[in-house]
Amino acid sequence: MTATQVGSRILAALAGVRDPELDEPVTVLGFVASAVIDSDGTAVVHLRLPTYFCAPNFAYLMVADAYDAVAALDEVRRAEVVLDDHFASDAINEGVAARAGFMNSFEGEAVDELDSLRADFLRKAVLAGTDVVCRPLSMPGTLTLGEVPPSKDLDRLRRRRAELGLPADDASPLLIDPLTGSAVEPDQVPLHLRRARLTRTSLDANTGICRGMLRHRYDTDGQGEEAPAE
């Protein structure tokens, strides 16, 4: 396999790494500044974010997930993922390289690991995905997932629900409470759909802001930015 092919596989692996808040791949957002591999199988990935003060817990999740994705490739003997131009770069880069976890990386500052934060963002992604899937449907509160016309948006919603451990098979209700996994009661459907619309609108707005800030900061696109979103 050529270096170009391996590089493409690294970018493909990074396309599975999402900004936890925006629920979009780091490649599509332009957060991958570079991704190379040398003849010894050492892969070096540089990430950058829209601002110097992006939340360190969000940044840590992306760097750690990128490390896991790249290190899992057969062609990669050693992975190095570096976050550039961030106030907590040293702590994040050293912590991820040592597989130390968030609390040990920010000893004395962090109060717990990031599992609950990741779950919170997944719940928001489920709500946002629900809005996208439900928008063209009439009476979505009566449908199961199997009764919804197939689409990439539906596949994405199924994946997010599965990641949370929520029902995602054909017999599952389309509308569920992402916190409990229970079907939304008929009298709660309008409120649930309004929450889903508000969540999706918020994610779209934040994504646009982050894209604009990143381009203003670096005046360039990142590797893989034109790759299709998941």
# chains A, B, ... in the order shown; residues from 1 in each chain; ligands from 1

$ residues_around --residues "Gly41 of chain A" --least-positions-apart "2" --cutoff "7 Å" --atoms "only C-alpha atoms" --output "mmCIF file with N, CA and C atoms, in the first residue's frame"
data_model
loop_
_atom_site.group_PDB
_atom_site.id
_atom_site.type_symbol
_atom_site.label_atom_id
_atom_site.label_comp_id
_atom_site.auth_asym_id
_atom_site.auth_seq_id
_atom_site.Cartn_x
_atom_site.Cartn_y
_atom_site.Cartn_z
ATOM 1 N N ILE A 37 2.169 9.901 7.395
ATOM 2 C CA ILE A 37 2.760 8.693 7.960
ATOM 3 C C ILE A 37 4.139 8.503 7.341
ATOM 4 N N ASP A 38 5.118 8.117 8.153
ATOM 5 C CA ASP A 38 6.463 7.935 7.622
ATOM 6 C C ASP A 38 6.710 6.470 7.279
ATOM 7 N N SER A 39 7.889 6.182 6.798
ATOM 8 C CA SER A 39 8.207 4.832 6.330
ATOM 9 C C SER A 39 8.236 3.807 7.455
ATOM 10 N N ALA A 43 2.334 7.540 12.380
ATOM 11 C CA ALA A 43 1.353 8.494 11.856
ATOM 12 C C ALA A 43 1.303 9.705 12.767
ATOM 13 N N GLU A 75 -1.885 -0.418 9.392
ATOM 14 C CA GLU A 75 -0.671 0.144 8.802
ATOM 15 C C GLU A 75 0.089 1.046 9.774
ATOM 16 N N VAL A 76 -0.549 1.428 10.856
ATOM 17 C CA VAL A 76 0.047 2.379 11.792
ATOM 18 C C VAL A 76 0.688 1.636 12.961
ATOM 19 N N ARG A 77 1.998 1.810 13.092
ATOM 20 C CA ARG A 77 2.705 1.187 14.215
ATOM 21 C C ARG A 77 2.683 2.075 15.450
ATOM 22 N N ARG A 78 2.701 3.383 15.229
ATOM 23 C CA ARG A 78 2.648 4.325 16.338
ATOM 24 C C ARG A 78 1.879 5.558 15.895
#

$ residues_around --residues "segment 185-193 of chain A" --least-positions-apart "6" --cutoff "12 Å" --atoms "only C-alpha atoms" --output "PDB file with N, CA, C and O atoms, in the first residue's frame"
ATOM      1  N   VAL A 126     -29.309  13.032  19.029  1.00  0.00           N
ATOM      2  CA  VAL A 126     -30.528  12.267  18.764  1.00  0.00           C
ATOM      3  C   VAL A 126     -31.710  13.205  18.543  1.00  0.00           C
ATOM      4  O   VAL A 126     -32.507  13.023  17.608  1.00  0.00           O
ATOM      5  N   LEU A 127     -31.829  14.225  19.382  1.00  0.00           N
ATOM      6  CA  LEU A 127     -32.920  15.185  19.207  1.00  0.00           C
ATOM      7  C   LEU A 127     -32.804  15.918  17.869  1.00  0.00           C
ATOM      8  O   LEU A 127     -33.791  16.061  17.137  1.00  0.00           O
ATOM      9  N   ALA A 128     -31.584  16.381  17.546  1.00  0.00           N
ATOM     10  CA  ALA A 128     -31.392  17.096  16.283  1.00  0.00           C
ATOM     11  C   ALA A 128     -31.691  16.186  15.099  1.00  0.00           C
ATOM     12  O   ALA A 128     -32.334  16.600  14.127  1.00  0.00           O
ATOM     13  N   GLY A 129     -31.230  14.934  15.176  1.00  0.00           N
ATOM     14  CA  GLY A 129     -31.499  13.989  14.098  1.00  0.00           C
ATOM     15  C   GLY A 129     -32.975  13.665  13.962  1.00  0.00           C
ATOM     16  O   GLY A 129     -33.481  13.435  12.859  1.00  0.00           O
ATOM     17  N   THR A 130     -33.677  13.658  15.076  1.00  0.00           N
ATOM     18  CA  THR A 130     -35.121  13.432  15.052  1.00  0.00           C
ATOM     19  C   THR A 130     -35.822  14.524  14.263  1.00  0.00           C
ATOM     20  O   THR A 130     -36.724  14.258  13.458  1.00  0.00           O
ATOM     21  N   ASP A 131     -35.401  15.769  14.458  1.00  0.00           N
ATOM     22  CA  ASP A 131     -36.012  16.871  13.706  1.00  0.00           C
ATOM     23  C   ASP A 131     -35.785  16.705  12.208  1.00  0.00           C
ATOM     24  O   ASP A 131     -36.714  16.872  11.411  1.00  0.00           O
ATOM     25  N   VAL A 132     -34.559  16.366  11.828  1.00  0.00           N
ATOM     26  CA  VAL A 132     -34.256  16.231  10.404  1.00  0.00           C
ATOM     27  C   VAL A 132     -35.098  15.123   9.771  1.00  0.00           C
ATOM     28  O   VAL A 132     -35.645  15.288   8.676  1.00  0.00           O
ATOM     29  N   VAL A 133     -35.225  13.998  10.466  1.00  0.00           N
ATOM     30  CA  VAL A 133     -35.986  12.871   9.926  1.00  0.00           C
ATOM     31  C   VAL A 133     -37.483  13.172   9.904  1.00  0.00           C
ATOM     32  O   VAL A 133     -38.198  12.794   8.960  1.00  0.00           O
ATOM     33  N   CYS A 134     -37.984  13.869  10.932  1.00  0.00           N
ATOM     34  CA  CYS A 134     -39.426  14.081  11.056  1.00  0.00           C
ATOM     35  C   CYS A 134     -39.961  15.198  10.177  1.00  0.00           C
ATOM     36  O   CYS A 134     -41.159  15.242   9.890  1.00  0.00           O
ATOM     37  N   ARG A 135     -39.100  16.106   9.762  1.00  0.00           N
ATOM     38  CA  ARG A 135     -39.559  17.292   9.048  1.00  0.00           C
ATOM     39  C   ARG A 135     -40.470  16.970   7.859  1.00  0.00           C
ATOM     40  O   ARG A 135     -41.513  17.604   7.690  1.00  0.00           O
ATOM     41  N   LEU A 137     -42.326  14.364   7.376  1.00  0.00           N
ATOM     42  CA  LEU A 137     -43.330  13.358   7.698  1.00  0.00           C
ATOM     43  C   LEU A 137     -44.582  13.992   8.293  1.00  0.00           C
ATOM     44  O   LEU A 137     -44.521  15.014   8.968  1.00  0.00           O
ATOM     45  N   MET A 139     -47.658  13.193  10.952  1.00  0.00           N
ATOM     46  CA  MET A 139     -47.960  12.354  12.109  1.00  0.00           C
ATOM     47  C   MET A 139     -46.797  11.435  12.489  1.00  0.00           C
ATOM     48  O   MET A 139     -46.943  10.214  12.599  1.00  0.00           O
ATOM     49  N   PRO A 140     -45.590  12.003  12.700  1.00  0.00           N
ATOM     50  CA  PRO A 140     -44.431  11.164  13.032  1.00  0.00           C
ATOM     51  C   PRO A 140     -44.582  10.434  14.364  1.00  0.00           C
ATOM     52  O   PRO A 140     -43.932   9.423  14.589  1.00  0.00           O
ATOM     53  N   GLY A 141     -45.452  10.961  15.244  1.00  0.00           N
ATOM     54  CA  GLY A 141     -45.611  10.343  16.550  1.00  0.00           C
ATOM     55  C   GLY A 141     -46.214   8.951  16.509  1.00  0.00           C
ATOM     56  O   GLY A 141     -46.148   8.222  17.500  1.00  0.00           O
ATOM     57  N   THR A 142     -46.761   8.574  15.378  1.00  0.00           N
ATOM     58  CA  THR A 142     -47.384   7.257  15.262  1.00  0.00           C
ATOM     59  C   THR A 142     -46.474   6.230  14.597  1.00  0.00           C
ATOM     60  O   THR A 142     -46.850   5.056  14.476  1.00  0.00           O
ATOM     61  N   LEU A 143     -45.276   6.651  14.149  1.00  0.00           N
ATOM     62  CA  LEU A 143     -44.437   5.795  13.317  1.00  0.00           C
ATOM     63  C   LEU A 143     -43.366   5.063  14.123  1.00  0.00           C
ATOM     64  O   LEU A 143     -42.911   5.548  15.156  1.00  0.00           O
ATOM     65  N   PRO A 173     -40.158   2.921  18.388  1.00  0.00           N
ATOM     66  CA  PRO A 173     -40.853   4.175  18.042  1.00  0.00           C
ATOM     67  C   PRO A 173     -39.888   5.194  17.474  1.00  0.00           C
ATOM     68  O   PRO A 173     -38.736   5.295  17.912  1.00  0.00           O
ATOM     69  N   LEU A 174     -40.344   5.961  16.518  1.00  0.00           N
ATOM     70  CA  LEU A 174     -39.516   7.031  15.968  1.00  0.00           C
ATOM     71  C   LEU A 174     -39.233   8.087  17.030  1.00  0.00           C
ATOM     72  O   LEU A 174     -38.102   8.563  17.157  1.00  0.00           O
ATOM     73  N   LEU A 175     -40.228   8.425  17.803  1.00  0.00           N
ATOM     74  CA  LEU A 175     -40.078   9.460  18.820  1.00  0.00           C
ATOM     75  C   LEU A 175     -39.868   8.821  20.185  1.00  0.00           C
ATOM     76  O   LEU A 175     -40.757   8.135  20.699  1.00  0.00           O
ATOM     77  N   ILE A 176     -38.687   9.036  20.752  1.00  0.00           N
ATOM     78  CA  ILE A 176     -38.392   8.543  22.094  1.00  0.00           C
ATOM     79  C   ILE A 176     -37.719   9.646  22.896  1.00  0.00           C
ATOM     80  O   ILE A 176     -37.117  10.558  22.342  1.00  0.00           O
ATOM     81  N   ASP A 177     -37.841   9.542  24.197  1.00  0.00           N
ATOM     82  CA  ASP A 177     -37.126  10.440  25.097  1.00  0.00           C
ATOM     83  C   ASP A 177     -35.673   9.974  25.132  1.00  0.00           C
ATOM     84  O   ASP A 177     -35.400   8.851  25.565  1.00  0.00           O
ATOM     85  N   PRO A 178     -34.712  10.786  24.686  1.00  0.00           N
ATOM     86  CA  PRO A 178     -33.321  10.321  24.636  1.00  0.00           C
ATOM     87  C   PRO A 178     -32.697  10.100  26.009  1.00  0.00           C
ATOM     88  O   PRO A 178     -31.645   9.483  26.110  1.00  0.00           O
ATOM     89  N   THR A 199     -33.117  22.189  19.092  1.00  0.00           N
ATOM     90  CA  THR A 199     -31.792  21.589  19.228  1.00  0.00           C
ATOM     91  C   THR A 199     -31.066  21.542  17.895  1.00  0.00           C
ATOM     92  O   THR A 199     -29.880  21.876  17.799  1.00  0.00           O
ATOM     93  N   ARG A 200     -31.781  21.140  16.859  1.00  0.00           N
ATOM     94  CA  ARG A 200     -31.159  21.070  15.538  1.00  0.00           C
ATOM     95  C   ARG A 200     -30.756  22.458  15.045  1.00  0.00           C
ATOM     96  O   ARG A 200     -29.660  22.657  14.511  1.00  0.00           O
TER      97      ARG A 200
END

$ residues_around --residues "Asp120 of chain A" --least-positions-apart "4" --cutoff "12 Å" --atoms "only C-alpha atoms" --output "list in words"
Pro20, Glu21, Asp23, Leu114, Asp115, Ser116, Lys124, Ala125, Val126, Leu127, Arg160, Glu163, Leu164, Pro178 and Leu179 of chain A

$ write_last_selection --atoms "all heavy atoms" --output "mmCIF file, in the first residue's frame"
data_model
loop_
_atom_site.group_PDB
_atom_site.id
_atom_site.type_symbol
_atom_site.label_atom_id
_atom_site.label_comp_id
_atom_site.auth_asym_id
_atom_site.auth_seq_id
_atom_site.Cartn_x
_atom_site.Cartn_y
_atom_site.Cartn_z
ATOM 1 N N PRO A 20 -17.816 16.705 19.554
ATOM 2 C CA PRO A 20 -18.916 16.200 20.374
ATOM 3 C C PRO A 20 -20.083 17.167 20.486
ATOM 4 O O PRO A 20 -21.235 16.741 20.607
ATOM 5 C CB PRO A 20 -18.252 15.971 21.740
ATOM 6 C CG PRO A 20 -17.074 16.887 21.752
ATOM 7 C CD PRO A 20 -16.585 16.920 20.335
ATOM 8 N N GLU A 21 -19.797 18.458 20.433
ATOM 9 C CA GLU A 21 -20.853 19.458 20.566
ATOM 10 C C GLU A 21 -21.625 19.637 19.264
ATOM 11 O O GLU A 21 -22.853 19.789 19.269
ATOM 12 C CB GLU A 21 -20.261 20.795 20.993
ATOM 13 C CG GLU A 21 -21.310 21.878 21.199
ATOM 14 C CD GLU A 21 -20.700 23.222 21.546
ATOM 15 O OE1 GLU A 21 -19.524 23.448 21.203
ATOM 16 O OE2 GLU A 21 -21.399 24.040 22.153
ATOM 17 N N ASP A 23 -21.559 17.467 16.556
ATOM 18 C CA ASP A 23 -21.930 16.192 15.939
ATOM 19 C C ASP A 23 -21.607 16.172 14.450
ATOM 20 O O ASP A 23 -22.402 15.711 13.625
ATOM 21 C CB ASP A 23 -23.415 15.881 16.163
ATOM 22 C CG ASP A 23 -23.747 14.422 15.830
ATOM 23 O OD1 ASP A 23 -22.950 13.544 16.199
ATOM 24 O OD2 ASP A 23 -24.795 14.175 15.187
ATOM 25 N N LEU A 114 -15.136 11.985 31.108
ATOM 26 C CA LEU A 114 -16.015 12.696 30.186
ATOM 27 C C LEU A 114 -17.142 11.843 29.619
ATOM 28 O O LEU A 114 -17.791 12.236 28.651
ATOM 29 C CB LEU A 114 -15.162 13.272 29.041
ATOM 30 C CG LEU A 114 -14.058 14.233 29.493
ATOM 31 C CD1 LEU A 114 -13.228 14.674 28.296
ATOM 32 C CD2 LEU A 114 -14.639 15.437 30.221
ATOM 33 N N ASP A 115 -17.402 10.686 30.229
ATOM 34 C CA ASP A 115 -18.452 9.809 29.713
ATOM 35 C C ASP A 115 -19.830 10.476 29.769
ATOM 36 O O ASP A 115 -20.621 10.366 28.828
ATOM 37 C CB ASP A 115 -18.485 8.499 30.503
ATOM 38 C CG ASP A 115 -17.204 7.697 30.336
ATOM 39 O OD1 ASP A 115 -16.520 7.884 29.313
ATOM 40 O OD2 ASP A 115 -16.889 6.891 31.227
ATOM 41 N N SER A 116 -20.135 11.148 30.870
ATOM 42 C CA SER A 116 -21.454 11.769 30.995
ATOM 43 C C SER A 116 -21.599 12.935 30.024
ATOM 44 O O SER A 116 -22.685 13.159 29.468
ATOM 45 C CB SER A 116 -21.696 12.235 32.430
ATOM 46 O OG SER A 116 -20.734 13.204 32.813
ATOM 47 N N LYS A 124 -28.355 15.214 22.560
ATOM 48 C CA LYS A 124 -28.660 16.355 21.701
ATOM 49 C C LYS A 124 -28.617 15.962 20.234
ATOM 50 O O LYS A 124 -29.445 16.410 19.426
ATOM 51 C CB LYS A 124 -27.668 17.494 21.966
ATOM 52 C CG LYS A 124 -27.851 18.164 23.322
ATOM 53 C CD LYS A 124 -26.884 19.328 23.491
ATOM 54 C CE LYS A 124 -27.073 20.002 24.840
ATOM 55 N NZ LYS A 124 -26.152 21.146 25.027
ATOM 56 N N ALA A 125 -27.668 15.103 19.875
ATOM 57 C CA ALA A 125 -27.576 14.649 18.488
ATOM 58 C C ALA A 125 -28.808 13.836 18.103
ATOM 59 O O ALA A 125 -29.297 13.932 16.967
ATOM 60 C CB ALA A 125 -26.314 13.816 18.298
ATOM 61 N N VAL A 126 -29.309 13.032 19.029
ATOM 62 C CA VAL A 126 -30.528 12.267 18.764
ATOM 63 C C VAL A 126 -31.710 13.205 18.543
ATOM 64 O O VAL A 126 -32.507 13.023 17.608
ATOM 65 C CB VAL A 126 -30.813 11.285 19.920
ATOM 66 C CG1 VAL A 126 -32.226 10.720 19.816
ATOM 67 C CG2 VAL A 126 -29.800 10.146 19.916
ATOM 68 N N LEU A 127 -31.829 14.225 19.382
ATOM 69 C CA LEU A 127 -32.920 15.185 19.207
ATOM 70 C C LEU A 127 -32.804 15.918 17.869
ATOM 71 O O LEU A 127 -33.791 16.061 17.137
ATOM 72 C CB LEU A 127 -32.920 16.198 20.349
ATOM 73 C CG LEU A 127 -33.647 15.801 21.629
ATOM 74 C CD1 LEU A 127 -33.430 16.849 22.707
ATOM 75 C CD2 LEU A 127 -35.131 15.601 21.372
ATOM 76 N N ARG A 160 -26.804 7.077 16.206
ATOM 77 C CA ARG A 160 -26.707 7.874 17.431
ATOM 78 C C ARG A 160 -27.502 7.210 18.560
ATOM 79 O O ARG A 160 -27.040 7.184 19.713
ATOM 80 C CB ARG A 160 -27.215 9.300 17.191
ATOM 81 C CG ARG A 160 -26.428 10.085 16.161
ATOM 82 C CD ARG A 160 -24.973 10.285 16.575
ATOM 83 N NE ARG A 160 -24.270 11.030 15.562
ATOM 84 C CZ ARG A 160 -23.586 10.487 14.563
ATOM 85 N NH1 ARG A 160 -23.491 9.171 14.469
ATOM 86 N NH2 ARG A 160 -22.973 11.236 13.664
ATOM 87 N N GLU A 163 -25.539 4.254 19.816
ATOM 88 C CA GLU A 163 -24.392 4.660 20.627
ATOM 89 C C GLU A 163 -24.802 4.972 22.062
ATOM 90 O O GLU A 163 -24.020 4.790 22.994
ATOM 91 C CB GLU A 163 -23.722 5.885 20.005
ATOM 92 C CG GLU A 163 -22.936 5.597 18.741
ATOM 93 C CD GLU A 163 -22.347 6.869 18.154
ATOM 94 O OE1 GLU A 163 -21.568 7.539 18.854
ATOM 95 O OE2 GLU A 163 -22.680 7.201 17.004
ATOM 96 N N LEU A 164 -26.026 5.439 22.227
ATOM 97 C CA LEU A 164 -26.545 5.747 23.558
ATOM 98 C C LEU A 164 -27.166 4.531 24.236
ATOM 99 O O LEU A 164 -27.583 4.618 25.393
ATOM 100 C CB LEU A 164 -27.597 6.854 23.462
ATOM 101 C CG LEU A 164 -27.147 8.282 23.699
ATOM 102 C CD1 LEU A 164 -28.300 9.248 23.450
ATOM 103 C CD2 LEU A 164 -26.603 8.470 25.101
ATOM 104 N N PRO A 178 -34.712 10.786 24.686
ATOM 105 C CA PRO A 178 -33.321 10.321 24.636
ATOM 106 C C PRO A 178 -32.697 10.100 26.009
ATOM 107 O O PRO A 178 -31.645 9.483 26.110
ATOM 108 C CB PRO A 178 -32.596 11.440 23.877
ATOM 109 C CG PRO A 178 -33.453 12.633 24.032
ATOM 110 C CD PRO A 178 -34.863 12.138 24.132
ATOM 111 N N LEU A 179 -33.346 10.579 27.051
ATOM 112 C CA LEU A 179 -32.828 10.360 28.397
ATOM 113 C C LEU A 179 -33.249 8.998 28.950
ATOM 114 O O LEU A 179 -32.461 8.314 29.599
ATOM 115 C CB LEU A 179 -33.307 11.465 29.342
ATOM 116 C CG LEU A 179 -32.725 11.456 30.756
ATOM 117 C CD1 LEU A 179 -31.209 11.639 30.711
ATOM 118 C CD2 LEU A 179 -33.365 12.550 31.605
#

$ select_by_dssp --residues "segment 110-213 of chain A" --states "helix (DSSP H, G or I)" --output "ChimeraX atom specification"
/A:115-134,140-142,145-147,152-163,186-213

$ select_by_dssp --residues "segment 82-220 of chain A" --states "strand (DSSP E or B)" --output "number ranges by chain"
A: 82-83, 144, 173, 176, 183

$ residues_around --residues "segment 44-55 of chain A" --least-positions-apart "6" --cutoff "6 Å" --atoms "only C-alpha atoms" --output "PyMOL selection string"
chain A and resi 31-36+80-84+86-87+210+213-214

$ residues_around --residues "Ala162 of chain A" --least-positions-apart "6" --cutoff "12 Å" --atoms "only C-alpha atoms" --output "number ranges by chain"
A: 119, 122-123, 125-126, 155-156, 168-169, 172, 178, 181

$ write_last_selection --atoms "C-alpha atoms" --output "CSV table (one decimal), in the first residue's frame"
chain,number,residue,atom,x,y,z
A,119,ALA,CA,-23.7,11.1,26.6
A,122,LEU,CA,-25.3,12.2,22.0
A,123,ARG,CA,-28.8,13.0,23.4
A,125,ALA,CA,-27.6,14.6,18.5
A,126,VAL,CA,-30.5,12.3,18.8
A,155,ASP,CA,-29.3,5.8,9.3
A,156,ARG,CA,-27.4,8.5,11.2
A,168,ALA,CA,-32.8,1.5,17.2
A,169,ASP,CA,-34.4,-1.5,15.5
A,172,SER,CA,-38.7,1.0,17.9
A,178,PRO,CA,-33.3,10.3,24.6
A,181,GLY,CA,-35.5,5.6,25.9

$ residues_around --residues "Ala91 of chain A" --least-positions-apart "2" --cutoff "12 Å" --atoms "only C-alpha atoms" --output "ChimeraX atom specification"
/A:56-57,59-60,63,82-84,86-89,93-107,109-110

$ closest_residue --among "A:Leu145, A:Thr207, A:Ala66, A:Tyr218" --to "Ala79 of chain A" --atoms "only C-alpha atoms"
A:Ala66

$ atom_distance --atom1 "atom CA of Ser182 of chain A" --atom2 "atom CA of Phe121 of chain A"
18.4 Å
